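A short write-up of the structure that comes next.
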Amino acid sequence: MIYVFKTSVDTRSKLELATSLLNELLTDNTIWNFDLEDCDNILRIDSENEITETMLQNNIFDCVELE
């Protein structure tokens with residue numbers, strides 16, 4: 001399933017922090033990427049497991065799932 005989130009990741013330093021966090025949080029069979037050229041700084045996650053906003057909320061970035 002593909003999940004799409006609007007995020008607050010809008011700088012290279014936030015992206016680096018988010019990358020470290022997501023690599024630890026998400027399993028090996030999960031593919032994810034950011035689109036920082038989009039006005040909503042989109043995070044797309046392709047995962048066999050359910051991904052929720054609650055799982056991703058942290059002190060590095062905020063996110064809201066888009067429908």
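Each chain in the structure tokens gets a letter, A, B and so on, in the order shown; residues start at 1 in every chain, and ligands are counted from 1 in the order they appear.
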**Backbone DSSP call of alpha helix (DSSP H) for chain A, listed as a ChimeraX atom specification** = /A:12-25,53-56
**Message:** Would you pick out the contacts of range 60-67 of chain A at 7 Å or less, using only C-alpha atoms, so that residues sharing its chain but fewer than 3 positions from it are not included, and give the list as a count of residues only?
**Reply:** 11
**Asked** In chain A, what's strand (DSSP E) per DSSP? Answer as a list in words?
**Response** Ile2, Tyr3, Val4, Phe5, Lys6, Thr7, Ile31, Trp32, Asn33, Phe34, Asp35, Ile42, Leu43, Arg44, Ile45, Asp46, Cys63, Val64 and Glu65 of chain A
**Asked** Interatomic distance between CA of Asn29 in chain A and CA of Glu16 in chain A?
**Response**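 Distance reported for this atom pair: 20.6 Å.
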**Straight-line distance linking CA of Ile42 in chain A with CA of Leu15 in chain A, stated in Å to one decimal** =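 Here the two named atoms are 11.5 Å from each other.
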**Prompt:** Suppose you want the space between CA of Leu56 in chain A and CA of Arg44 in chain A; what is it in Å?
**Reply:**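 Computing the Euclidean distance for CA of Leu56 in chain A and CA of Arg44 in chain A yields 12.2 Å.
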**Counting only C-alpha atoms, the option among A:Thr19, A:Glu24, A:Ile31, A:Asp10 closest to Asn49 in chain A** =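 So, comparing all the options, the nearest one is A:Ile31.
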